[in-house]
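Listing of input.cif; format and content: mmCIF, C-alpha atoms.
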```cif
data_target
loop_
_atom_site.label_atom_id
_atom_site.label_comp_id
_atom_site.auth_asym_id
_atom_site.auth_seq_id
_atom_site.Cartn_x
_atom_site.Cartn_y
_atom_site.Cartn_z
CA MET Y 1 -23.29 145.36 -214.91
CA LYS Y 2 -24.43 141.92 -213.78
CA ILE Y 3 -28.14 141.23 -214.13
CA PRO Y 4 -29.48 139.30 -211.11
CA PRO Y 5 -31.46 136.15 -211.94
CA VAL Y 6 -35.23 136.55 -212.04
CA LYS Y 7 -35.53 133.65 -209.59
CA PRO Y 8 -32.17 133.18 -207.85
CA HIS Y 9 -31.41 129.66 -206.70
CA PHE Y 10 -28.78 127.69 -204.85
CA PHE Y 11 -27.69 124.04 -204.72
CA LYS Y 12 -27.23 121.88 -201.62
CA PRO Y 13 -25.88 118.31 -201.63
CA ILE Y 14 -27.27 116.01 -198.94
CA GLN Y 15 -24.42 115.15 -196.56
CA PRO Y 16 -24.14 113.26 -193.22
CA GLY Y 17 -26.13 114.89 -190.44
CA PHE Y 18 -28.51 116.57 -192.89
CA LYS Y 19 -31.62 115.85 -190.78
CA GLN Y 20 -30.41 118.17 -188.01
CA GLY Y 21 -30.56 121.19 -190.28
CA LEU Y 22 -29.39 122.76 -193.51
CA LYS Y 23 -27.66 126.11 -194.09
CA ILE Y 24 -28.51 128.65 -196.77
CA PRO Y 25 -25.19 129.60 -198.46
CA LYS Y 26 -23.78 132.85 -197.13
CA GLY Y 27 -23.34 134.20 -200.66
CA PHE Y 28 -27.06 133.75 -201.33
CA LEU Y 29 -28.13 136.09 -198.55
CA LYS Y 30 -27.79 139.11 -200.86
CA TYR Y 31 -30.97 137.92 -202.60
CA LEU Y 32 -32.94 137.74 -199.35
CA LYS Y 33 -34.15 141.16 -198.34
CA ASP Y 34 -34.12 141.78 -194.57
CA HIS Y 35 -33.33 138.10 -193.99
CA ASP Y 36 -32.18 138.84 -190.43
CA HIS Y 37 -35.79 139.57 -189.46
CA ASN Y 38 -37.28 136.40 -190.93
CA GLU Y 39 -38.14 133.66 -188.44
CA HIS Y 40 -39.44 131.10 -190.95
CA ALA Y 41 -38.96 129.97 -194.52
CA THR Y 42 -41.50 128.11 -196.65
CA LEU Y 43 -40.46 125.12 -198.78
CA ARG Y 44 -42.71 124.23 -201.67
CA ARG Y 45 -42.90 121.06 -203.75
CA ASP Y 46 -45.64 119.38 -205.78
CA GLY Y 47 -48.21 121.94 -204.66
CA LYS Y 48 -47.57 121.32 -200.93
CA LYS Y 49 -45.85 123.65 -198.48
CA TRP Y 50 -43.70 123.08 -195.39
CA LEU Y 51 -43.01 125.80 -192.81
CA VAL Y 52 -39.42 125.63 -191.53
CA LYS Y 53 -37.98 127.65 -188.67
CA LEU Y 54 -34.91 129.78 -189.41
CA ASN Y 55 -32.01 130.10 -186.99
CA GLY Y 56 -29.88 132.72 -188.71
CA ARG Y 57 -29.37 131.16 -192.14
CA ARG Y 58 -29.97 127.61 -190.90
CA LEU Y 59 -33.18 125.67 -191.61
CA GLU Y 60 -34.12 123.80 -188.43
CA GLU Y 61 -37.51 122.82 -186.96
CA GLY Y 62 -39.67 121.56 -189.82
CA TRP Y 63 -36.71 120.65 -192.03
CA GLU Y 64 -36.54 117.06 -190.70
CA LYS Y 65 -40.20 116.57 -191.60
CA PHE Y 66 -39.53 117.76 -195.14
CA ALA Y 67 -36.50 115.45 -195.41
CA GLU Y 68 -38.45 112.40 -194.18
CA GLU Y 69 -41.50 112.97 -196.35
CA HIS Y 70 -39.26 113.18 -199.42
CA ASP Y 71 -37.07 110.24 -198.39
CA LEU Y 72 -33.87 112.26 -198.81
CA GLN Y 73 -30.73 110.15 -199.02
CA LEU Y 74 -27.01 110.88 -198.79
CA GLY Y 75 -25.81 112.00 -202.21
CA ASP Y 76 -29.10 113.59 -203.28
CA LEU Y 77 -28.82 117.11 -204.68
CA LEU Y 78 -31.40 119.81 -203.91
CA VAL Y 79 -32.05 123.01 -205.83
CA PHE Y 80 -33.75 125.82 -203.87
CA LYS Y 81 -35.37 128.36 -206.17
CA HIS Y 82 -36.32 131.58 -204.35
CA GLU Y 83 -39.87 132.67 -205.19
CA GLY Y 84 -39.81 135.74 -202.92
CA ASN Y 85 -40.88 136.32 -199.29
CA MET Y 86 -38.60 133.49 -198.07
CA GLU Y 87 -40.50 130.90 -200.11
CA PHE Y 88 -38.47 128.31 -202.02
CA GLU Y 89 -39.47 125.84 -204.70
CA VAL Y 90 -37.37 122.69 -204.09
CA ILE Y 91 -36.22 120.36 -206.88
CA ILE Y 92 -34.74 117.02 -205.83
CA PHE Y 93 -32.15 115.06 -207.82
CA ASP Y 94 -30.84 111.68 -206.74
CA SER Y 95 -27.15 110.76 -206.49
CA SER Y 96 -26.89 110.31 -210.27
CA HIS Y 97 -28.45 113.78 -210.76
CA CYS Y 98 -31.65 112.37 -212.24
CA ASP Y 99 -34.69 114.44 -211.34
CA ARG Y 100 -37.08 112.28 -209.31
CA GLU Y 101 -40.02 113.78 -211.14
CA TYR Y 102 -38.90 111.90 -214.26
CA ALA Y 103 -38.26 108.46 -212.76
CA GLU Y 104 -39.19 105.73 -215.22
CA TYR Y 105 -42.79 104.54 -215.16
CA LEU Y 106 -43.35 101.11 -216.63
CA GLN Y 107 -46.47 100.36 -218.62
CA GLU Y 108 -49.05 98.53 -216.56
CA GLU Y 109 -49.74 95.10 -218.01
CA GLU Y 110 -51.80 92.85 -215.78
CA ASP Y 111 -54.14 93.04 -212.82
CA ILE Y 112 -54.19 90.54 -209.94
CA VAL Y 113 -52.73 87.27 -211.22
CA GLU Y 114 -54.90 84.22 -210.80
CA GLY Y 115 -53.40 81.62 -213.08
CA GLU Y 116 -49.71 82.52 -212.65
CA CYS Y 117 -49.09 80.58 -209.48
CA LYS Y 118 -50.97 77.51 -210.70
CA LYS Y 119 -47.77 76.68 -212.59
CA PHE Y 120 -46.15 75.85 -209.26
CA GLU Y 121 -46.87 73.10 -206.75
CA LEU Y 122 -47.92 75.06 -203.69
CA LYS Y 123 -47.42 74.50 -200.00
CA ASP Y 124 -48.88 77.14 -197.66
CA GLY Y 125 -49.39 79.32 -200.69
CA PHE Y 126 -45.80 79.23 -201.92
CA PRO Y 127 -43.79 77.00 -204.30
CA HIS Y 128 -43.08 73.74 -202.48
CA ALA Y 129 -39.69 73.03 -203.97
CA GLU Y 130 -38.26 76.50 -203.46
CA ALA Y 131 -40.18 77.91 -200.52
CA ALA Y 132 -37.21 77.75 -198.16
CA THR Y 133 -34.50 78.64 -200.67
CA HIS Y 134 -33.12 82.14 -200.24
CA ASN Y 135 -29.99 83.60 -201.73
CA PRO Y 136 -27.42 82.69 -199.01
CA PHE Y 137 -25.63 85.95 -199.68
CA GLY Y 138 -28.82 87.96 -199.88
CA GLN Y 139 -31.03 89.84 -197.46
CA SER Y 140 -34.25 87.89 -196.90
CA HIS Y 141 -36.57 90.85 -196.28
CA PHE Y 142 -36.86 94.60 -195.91
CA GLU Y 143 -39.20 96.82 -193.92
CA CYS Y 144 -40.23 100.36 -194.66
CA THR Y 145 -42.63 103.05 -193.51
CA VAL Y 146 -45.15 104.18 -196.13
CA ARG Y 147 -44.25 107.70 -197.25
CA SER Y 148 -46.58 110.08 -199.06
CA TYR Y 149 -44.76 109.64 -202.37
CA TYR Y 150 -45.48 105.87 -202.25
CA LEU Y 151 -49.15 106.76 -202.66
CA THR Y 152 -48.99 109.74 -205.00
CA ASN Y 153 -46.48 108.22 -207.45
CA GLY Y 154 -46.66 104.92 -209.28
CA TYR Y 155 -43.70 103.26 -207.61
CA LEU Y 156 -41.89 102.26 -204.42
CA ARG Y 157 -38.12 102.60 -204.17
CA VAL Y 158 -36.42 99.43 -202.92
CA PRO Y 159 -33.70 100.02 -200.27
CA SER Y 160 -30.31 100.08 -202.01
CA ARG Y 161 -28.72 97.59 -199.62
CA PHE Y 162 -31.52 95.05 -200.13
CA ALA Y 163 -31.36 95.49 -203.91
CA SER Y 164 -27.59 95.05 -203.94
CA LYS Y 165 -27.61 91.98 -201.67
CA ASN Y 166 -30.23 90.26 -203.82
CA GLY Y 167 -28.71 91.10 -207.20
CA LEU Y 168 -31.56 93.39 -208.28
CA THR Y 169 -29.55 96.41 -209.40
CA TYR Y 170 -30.01 97.00 -213.15
CA LYS Y 171 -32.43 94.08 -213.27
CA LYS Y 172 -35.65 94.47 -215.25
CA CYS Y 173 -38.15 91.68 -214.66
CA ASP Y 174 -41.60 90.69 -213.45
CA LEU Y 175 -42.19 90.45 -209.71
CA ILE Y 176 -44.91 88.36 -208.07
CA ILE Y 177 -46.07 89.58 -204.66
CA ARG Y 178 -48.43 87.46 -202.59
CA ASP Y 179 -50.01 88.37 -199.27
CA GLU Y 180 -51.06 86.27 -196.28
CA ARG Y 181 -54.56 85.84 -197.73
CA GLN Y 182 -53.09 84.19 -200.85
CA ARG Y 183 -53.91 87.13 -203.12
CA SER Y 184 -51.32 87.67 -205.84
CA TRP Y 185 -50.14 90.62 -207.93
CA ASN Y 186 -47.84 90.79 -210.93
CA LEU Y 187 -45.67 93.91 -210.69
CA LYS Y 188 -42.37 95.03 -212.18
CA LEU Y 189 -38.84 95.52 -210.92
CA TYR Y 190 -36.78 98.06 -212.83
CA THR Y 191 -33.80 100.35 -212.39
CA SER Y 192 -33.79 104.09 -212.98
CA CYS Y 193 -30.87 106.38 -212.13
CA HIS Y 194 -29.10 103.56 -210.26
CA HIS Y 195 -32.08 102.92 -207.95
CA VAL Y 196 -34.40 99.91 -208.04
CA TYR Y 197 -38.16 100.45 -208.04
CA ILE Y 198 -41.33 98.38 -207.79
CA GLY Y 199 -43.58 99.62 -210.59
CA GLY Y 200 -46.21 98.29 -212.94
CA ARG Y 201 -49.42 97.80 -210.97
CA TRP Y 202 -48.03 99.37 -207.77
CA ALA Y 203 -50.95 101.82 -207.52
CA LYS Y 204 -53.45 98.94 -207.61
CA PHE Y 205 -51.38 97.01 -205.08
CA HIS Y 206 -51.30 99.82 -202.50
CA ALA Y 207 -55.00 100.56 -203.06
CA ALA Y 208 -55.94 96.88 -202.61
CA ASN Y 209 -54.05 96.78 -199.31
CA ASP Y 210 -55.40 100.16 -198.13
CA LEU Y 211 -51.92 101.49 -197.41
CA LYS Y 212 -51.73 104.83 -195.62
CA VAL Y 213 -48.92 107.21 -194.79
CA GLY Y 214 -47.15 105.94 -191.68
CA ASP Y 215 -48.01 102.24 -192.11
CA ARG Y 216 -45.14 99.82 -191.51
CA ILE Y 217 -44.89 97.10 -194.14
CA MET Y 218 -42.50 94.25 -194.96
CA PHE Y 219 -41.58 92.32 -198.09
CA GLU Y 220 -40.00 88.87 -197.69
CA VAL Y 221 -38.11 87.01 -200.40
CA VAL Y 222 -39.66 83.61 -201.16
CA THR Y 223 -37.69 82.82 -204.34
CA ASN Y 224 -35.15 84.67 -206.45
CA GLY Y 225 -34.60 84.12 -210.14
CA GLU Y 226 -35.94 85.41 -213.43
CA ARG Y 227 -39.30 86.14 -211.82
CA PRO Y 228 -38.84 86.72 -208.07
CA ILE Y 229 -41.66 85.93 -205.65
CA TRP Y 230 -42.05 87.98 -202.47
CA LYS Y 231 -44.45 87.71 -199.56
CA PHE Y 232 -46.14 90.88 -198.31
CA HIS Y 233 -46.67 91.48 -194.56
CA ASP Y 234 -48.69 94.55 -193.65
CA GLU Y 235 -47.87 94.42 -189.91
CA PRO Y 236 -44.25 93.25 -189.57
CA ASN Y 237 -43.87 94.54 -186.03
CA PRO Y 238 -47.15 94.82 -184.10
CA SER Y 239 -47.33 97.60 -181.57
CA VAL Y 240 -46.21 96.85 -178.05
CA LYS Y 241 -49.16 95.64 -175.98
CA SER Y 242 -50.00 97.69 -172.93
CA SER Y 243 -50.17 95.97 -169.56
CA SER Y 244 -53.39 96.05 -167.54
CA LYS Y 245 -51.26 95.64 -164.42
CA ALA Y 246 -49.32 98.77 -165.23
CA PHE Y 247 -52.56 100.67 -165.92
CA PRO Y 248 -55.25 99.05 -163.71
CA HIS Y 249 -57.85 101.68 -164.63
CA VAL Y 250 -57.57 100.87 -168.34
CA GLU Y 251 -59.35 97.77 -169.63
CA ALA Y 252 -57.93 97.92 -173.15
CA ALA Y 253 -55.65 100.22 -175.10
CA ILE Y 254 -57.07 101.80 -178.21
CA HIS Y 255 -55.37 100.30 -181.25
CA LYS Y 256 -53.75 102.78 -183.63
CA PRO Y 257 -51.75 102.19 -186.79
CA PHE Y 258 -48.88 103.72 -184.82
CA GLY Y 259 -49.50 102.56 -181.24
CA HIS Y 260 -46.04 103.73 -180.27
CA PHE Y 261 -43.14 105.80 -181.52
CA VAL Y 262 -39.41 105.97 -181.02
CA CYS Y 263 -37.43 109.19 -181.12
CA THR Y 264 -33.85 110.29 -180.57
CA ILE Y 265 -32.95 112.98 -178.05
CA ARG Y 266 -31.62 115.93 -180.05
CA PRO Y 267 -29.69 118.96 -178.69
CA TYR Y 268 -32.84 121.12 -178.71
CA CYS Y 269 -34.54 118.62 -176.34
CA LEU Y 270 -31.92 119.53 -173.72
CA THR Y 271 -31.66 123.25 -174.46
CA TYR Y 272 -35.39 123.92 -174.60
CA SER Y 273 -38.37 122.64 -172.67
CA TYR Y 274 -40.12 120.60 -175.34
CA LEU Y 275 -39.96 117.46 -177.47
CA ILE Y 276 -41.26 117.45 -181.06
CA LEU Y 277 -43.27 114.34 -181.96
CA PRO Y 278 -42.54 112.37 -185.15
CA THR Y 279 -44.82 113.82 -187.80
CA GLN Y 280 -46.26 110.52 -188.99
CA PHE Y 281 -47.18 109.52 -185.46
CA ALA Y 282 -48.90 112.87 -184.88
CA LEU Y 283 -50.80 112.62 -188.18
CA THR Y 284 -51.89 109.02 -187.68
CA ASN Y 285 -53.11 109.69 -184.15
CA GLY Y 286 -54.96 112.91 -185.00
CA LEU Y 287 -52.73 115.16 -182.90
CA ILE Y 288 -52.03 117.90 -185.44
CA ASN Y 289 -53.36 121.23 -184.07
CA LYS Y 290 -54.48 119.49 -180.87
CA LYS Y 291 -54.11 121.32 -177.54
CA CYS Y 292 -54.68 119.14 -174.50
CA ASP Y 293 -53.18 117.73 -171.31
CA LEU Y 294 -51.10 114.57 -171.55
CA ILE Y 295 -50.43 111.97 -168.84
CA ILE Y 296 -47.24 109.96 -169.15
CA ARG Y 297 -46.55 107.02 -166.83
CA ASP Y 298 -43.40 104.95 -166.66
CA GLU Y 299 -42.76 101.32 -165.76
CA TRP Y 300 -42.35 102.24 -162.06
CA GLN Y 301 -45.90 103.68 -161.99
CA ARG Y 302 -44.63 107.25 -161.68
CA SER Y 303 -46.83 109.78 -163.45
CA TRP Y 304 -46.27 113.20 -165.08
CA ASN Y 305 -48.80 115.77 -166.22
CA LEU Y 306 -47.61 117.40 -169.44
CA MET Y 307 -49.22 119.13 -172.42
CA LEU Y 308 -49.52 118.57 -176.15
CA ARG Y 309 -49.28 121.77 -178.16
CA PRO Y 310 -49.00 122.65 -181.87
CA PHE Y 311 -45.46 123.49 -182.95
CA GLY Y 312 -45.33 125.02 -186.41
CA THR Y 313 -46.71 122.27 -188.63
CA SER Y 314 -46.06 119.56 -186.05
CA VAL Y 315 -46.84 118.85 -182.36
CA CYS Y 316 -44.68 118.94 -179.26
CA ILE Y 317 -44.72 117.79 -175.63
CA ARG Y 318 -44.15 120.65 -173.20
CA GLY Y 319 -45.39 121.98 -169.84
CA GLY Y 320 -43.25 119.72 -167.69
CA TRP Y 321 -40.95 118.19 -170.29
CA ARG Y 322 -37.81 119.52 -168.57
CA ASN Y 323 -38.72 117.83 -165.28
CA PHE Y 324 -39.62 114.58 -167.08
CA ARG Y 325 -36.36 114.67 -169.06
CA ASP Y 326 -34.17 115.34 -166.04
CA THR Y 327 -35.88 112.65 -163.96
CA HIS Y 328 -34.94 110.05 -166.54
CA CYS Y 329 -31.42 111.47 -167.09
CA LEU Y 330 -31.98 111.74 -170.84
CA LYS Y 331 -28.92 112.68 -172.86
CA GLU Y 332 -28.26 113.61 -176.47
CA GLY Y 333 -28.42 110.53 -178.68
CA ASP Y 334 -30.64 108.47 -176.35
CA GLN Y 335 -33.45 106.62 -178.13
CA ILE Y 336 -36.70 106.47 -176.17
CA MET Y 337 -40.13 104.96 -176.77
CA PHE Y 338 -43.66 106.08 -175.87
CA GLU Y 339 -46.75 103.87 -176.23
CA VAL Y 340 -50.34 105.07 -176.60
CA VAL Y 341 -52.52 103.61 -173.83
CA THR Y 342 -55.65 105.71 -174.26
CA ASP Y 343 -56.65 108.47 -176.63
CA GLY Y 344 -59.19 111.24 -176.11
CA THR Y 345 -59.35 114.62 -174.41
CA LYS Y 346 -56.52 113.68 -172.02
CA PRO Y 347 -54.34 110.97 -173.64
CA VAL Y 348 -52.40 108.52 -171.48
CA TRP Y 349 -49.06 107.24 -172.74
CA LYS Y 350 -46.60 104.77 -171.30
CA PHE Y 351 -42.89 105.61 -171.28
CA HIS Y 352 -40.69 102.59 -172.00
CA GLY Y 353 -37.41 104.32 -171.26
CA LYS Y 354 -34.23 104.12 -173.26
CA ILE Y 355 -34.03 101.42 -175.91
CA SER Y 356 -31.22 99.92 -177.93
CA GLY Y 357 -30.35 97.02 -180.17
CA GLU Y 358 -33.21 95.26 -181.91
CA ASN Y 359 -35.93 97.62 -180.71
CA SER Y 360 -33.99 100.52 -182.12
CA ARG Y 361 -33.58 98.84 -185.50
CA ILE Y 362 -37.19 97.77 -185.66
CA ASN Y 363 -38.41 101.31 -185.25
CA GLN Y 364 -35.90 103.15 -187.40
CA GLY Y 365 -37.76 105.36 -189.81
CA VAL Y 366 -40.39 106.25 -187.24
CA ASP Y 367 -38.18 108.84 -185.60
#
```
Translate this file's structure into structure tokens.
Amino acid sequence: MKIPPVKPHFFKPIQPGFKQGLKIPKGFLKYLKDHDHNEHATLRRDGKKWLVKLNGRRLEEGWEKFAEEHDLQLGDLLVFKHEGNMEFEVIIFDSSHCDREYAEYLQEEEDIVEGECKKFELKDGFPHAEAATHNPFGQSHFECTVRSYYLTNGYLRVPSRFASKNGLTYKKCDLIIRDERQRSWNLKLYTSCHHVYIGGRWAKFHAANDLKVGDRIMFEVVTNGERPIWKFHDEPNPSVKSSSKAFPHVEAAIHKPFGHFVCTIRPYCLTYSYLILPTQFALTNGLINKKCDLIIRDEWQRSWNLMLRPFGTSVCIRGGWRNFRDTHCLKEGDQIMFEVVTDGTKPVWKFHGKISGENSRINQGVD
């Protein structure tokens, strides 16, 4: 007689379209008592929990938030260990099957560098002779949204495409990062499990720049070589400014770290009468668990009265969403942008309509 595992588990590789949902293997259902009656599953990792809605054996609402917060990539492998009562401990392996929990940490060596850049002749804070020299086959910069693991772990993972274009894969060297106030840090570039990371004094770097979850940041290549130099920009794409002509009753929009967000119309947006907000936008703007009216105005001065309501562990727009959606002929795959005009007991947002091209690329990662 077969003895069932004390904590049964299943494996799921991350494949294209993974953000829309993930299915529990049919053969695993025998370990889930009365699974047909369960409406939610709980995912657990590093002491935190995520509530995810179940549609049959498919993980849906709440899954995308989990995927974004853990920066899941194609080729990653997930292990779901059932702890009972539809609660799963999740272990994440990258494409080389290295457990992220054991990514290499380099020994911290130096604090903010003061004398390092005195070796160079400077112009506007950067080496005069090489300030304009980039790798012609490289990628001059990359942008990213600060994820929770950037702050809790001692590293930042460099986008694979950027690392490849700039010859950083398998490279182990010092990295000098300077900001717009001429402060300088000596960090490390290293490779672990085929991915390139910024390590060393990363924790001191993010603390010195007061980085928070949801911040958009950019690193720009100044020089390549044995000891690369990058420039740090903490606001690569400032929020769209609101127009006083479009909102004559508003003197000034309240500035937020995320003054706007972009999202993609998913099938549920058309089937149901709500739109789920990007989690980082909701967190940054204090909308989690908030219940209030919401005014949305478009560029033709038309106005809609909607509502913000909690939705599981996130927030959604409802109470008029269907009418708003149909008025603007929104279809699956459309990318749309909303801008915060005022905050408070009845927020006012501006709807910028469908976007494409550069605006879409600028805001990828926010959705």
- Message: Taking only C-alpha atoms into account, name the residue in Y:Lys172, Y:Arg322, Y:Lys350, Y:His328 that is nearest to Ile295 (chain Y).
- Response: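 Nearest to Ile295 (chain Y): Y:Lys350.
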- Message: Ranking Y:Lys231, Y:His206, Y:Lys81, Y:Arg161 by minimum distance to Ser184 (chain Y) and counting only C-alpha atoms, which one comes first?
- Response: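 Once distances to Ser184 (chain Y) are computed over only C-alpha atoms, the minimum belongs to Y:Lys231.
Distance-wise, CA of Glu61 (chain Y) and CA of Ile14 (chain Y) end up 17.2 Å apart.
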- Evaluate the PyMOL selection byres ((chain Y and resi 352) around 7) and report residues as a PyMOL selection string: chain Y and resi 298-299+336-338+350-351+353-354
Just say which residues the PyMOL selection byres ((chain Y and resi 162) around 12) picks in this file, as a short mmCIF file (atom, residue, chain, number, x, y, z; two decimals) with C-alpha atoms, keeping the file's coordinate frame.
```
data_model
loop_
_atom_site.label_atom_id
_atom_site.label_comp_id
_atom_site.auth_asym_id
_atom_site.auth_seq_id
_atom_site.Cartn_x
_atom_site.Cartn_y
_atom_site.Cartn_z
CA ASN Y 135 -29.99 83.60 -201.73
CA PHE Y 137 -25.63 85.95 -199.68
CA GLY Y 138 -28.82 87.96 -199.88
CA GLN Y 139 -31.03 89.84 -197.46
CA SER Y 140 -34.25 87.89 -196.90
CA HIS Y 141 -36.57 90.85 -196.28
CA PHE Y 142 -36.86 94.60 -195.91
CA GLU Y 143 -39.20 96.82 -193.92
CA CYS Y 144 -40.23 100.36 -194.66
CA ARG Y 157 -38.12 102.60 -204.17
CA VAL Y 158 -36.42 99.43 -202.92
CA PRO Y 159 -33.70 100.02 -200.27
CA SER Y 160 -30.31 100.08 -202.01
CA ARG Y 161 -28.72 97.59 -199.62
CA ALA Y 163 -31.36 95.49 -203.91
CA SER Y 164 -27.59 95.05 -203.94
CA LYS Y 165 -27.61 91.98 -201.67
CA ASN Y 166 -30.23 90.26 -203.82
CA GLY Y 167 -28.71 91.10 -207.20
CA LEU Y 168 -31.56 93.39 -208.28
CA THR Y 169 -29.55 96.41 -209.40
CA HIS Y 195 -32.08 102.92 -207.95
CA VAL Y 196 -34.40 99.91 -208.04
CA TYR Y 197 -38.16 100.45 -208.04
CA PHE Y 219 -41.58 92.32 -198.09
CA GLU Y 220 -40.00 88.87 -197.69
CA VAL Y 221 -38.11 87.01 -200.40
#
```
- Applied to this file, what does the PyMOL selection byres ((chain Y and resi 63) around 9) return in terms of residues, put as a list of chain:residue names? Y:Lys19, Y:Gln20, Y:Gly21, Y:Leu22, Y:Leu43, Y:Trp50, Y:Leu51, Y:Val52, Y:Lys53, Y:Leu59, Y:Glu60, Y:Glu61, Y:Gly62, Y:Glu64, Y:Lys65, Y:Phe66, Y:Ala67, Y:Glu68
- Within-12 Å shell of (-54.1, 110.1, -174.8) in input frame, all atoms listed in the file, as a PyMOL selection string: chain Y and resi 250+253-256+259-260+282+285-287+290-297+305-308+338-350
- Task: Find the residues around Ile91 (chain Y) up to 7 Å (only C-alpha atoms counted), leave out those fewer than 5 positions away in its own chain, and share them as a PyMOL selection string.
- Result: chain Y and resi 78-80
Using all atoms of region 308-320 of chain Y that appear in the file, construct an axis-aligned enclosing box with 6 Å of padding on every side and provide its centre coordinates and edge lengths in Å, rounded to one decimal, as JSON.
```
{"center_x": -46.4, "center_y": 121.4, "center_z": -178.2, "size_x": 18.3, "size_y": 19.2, "size_z": 32.9}
```
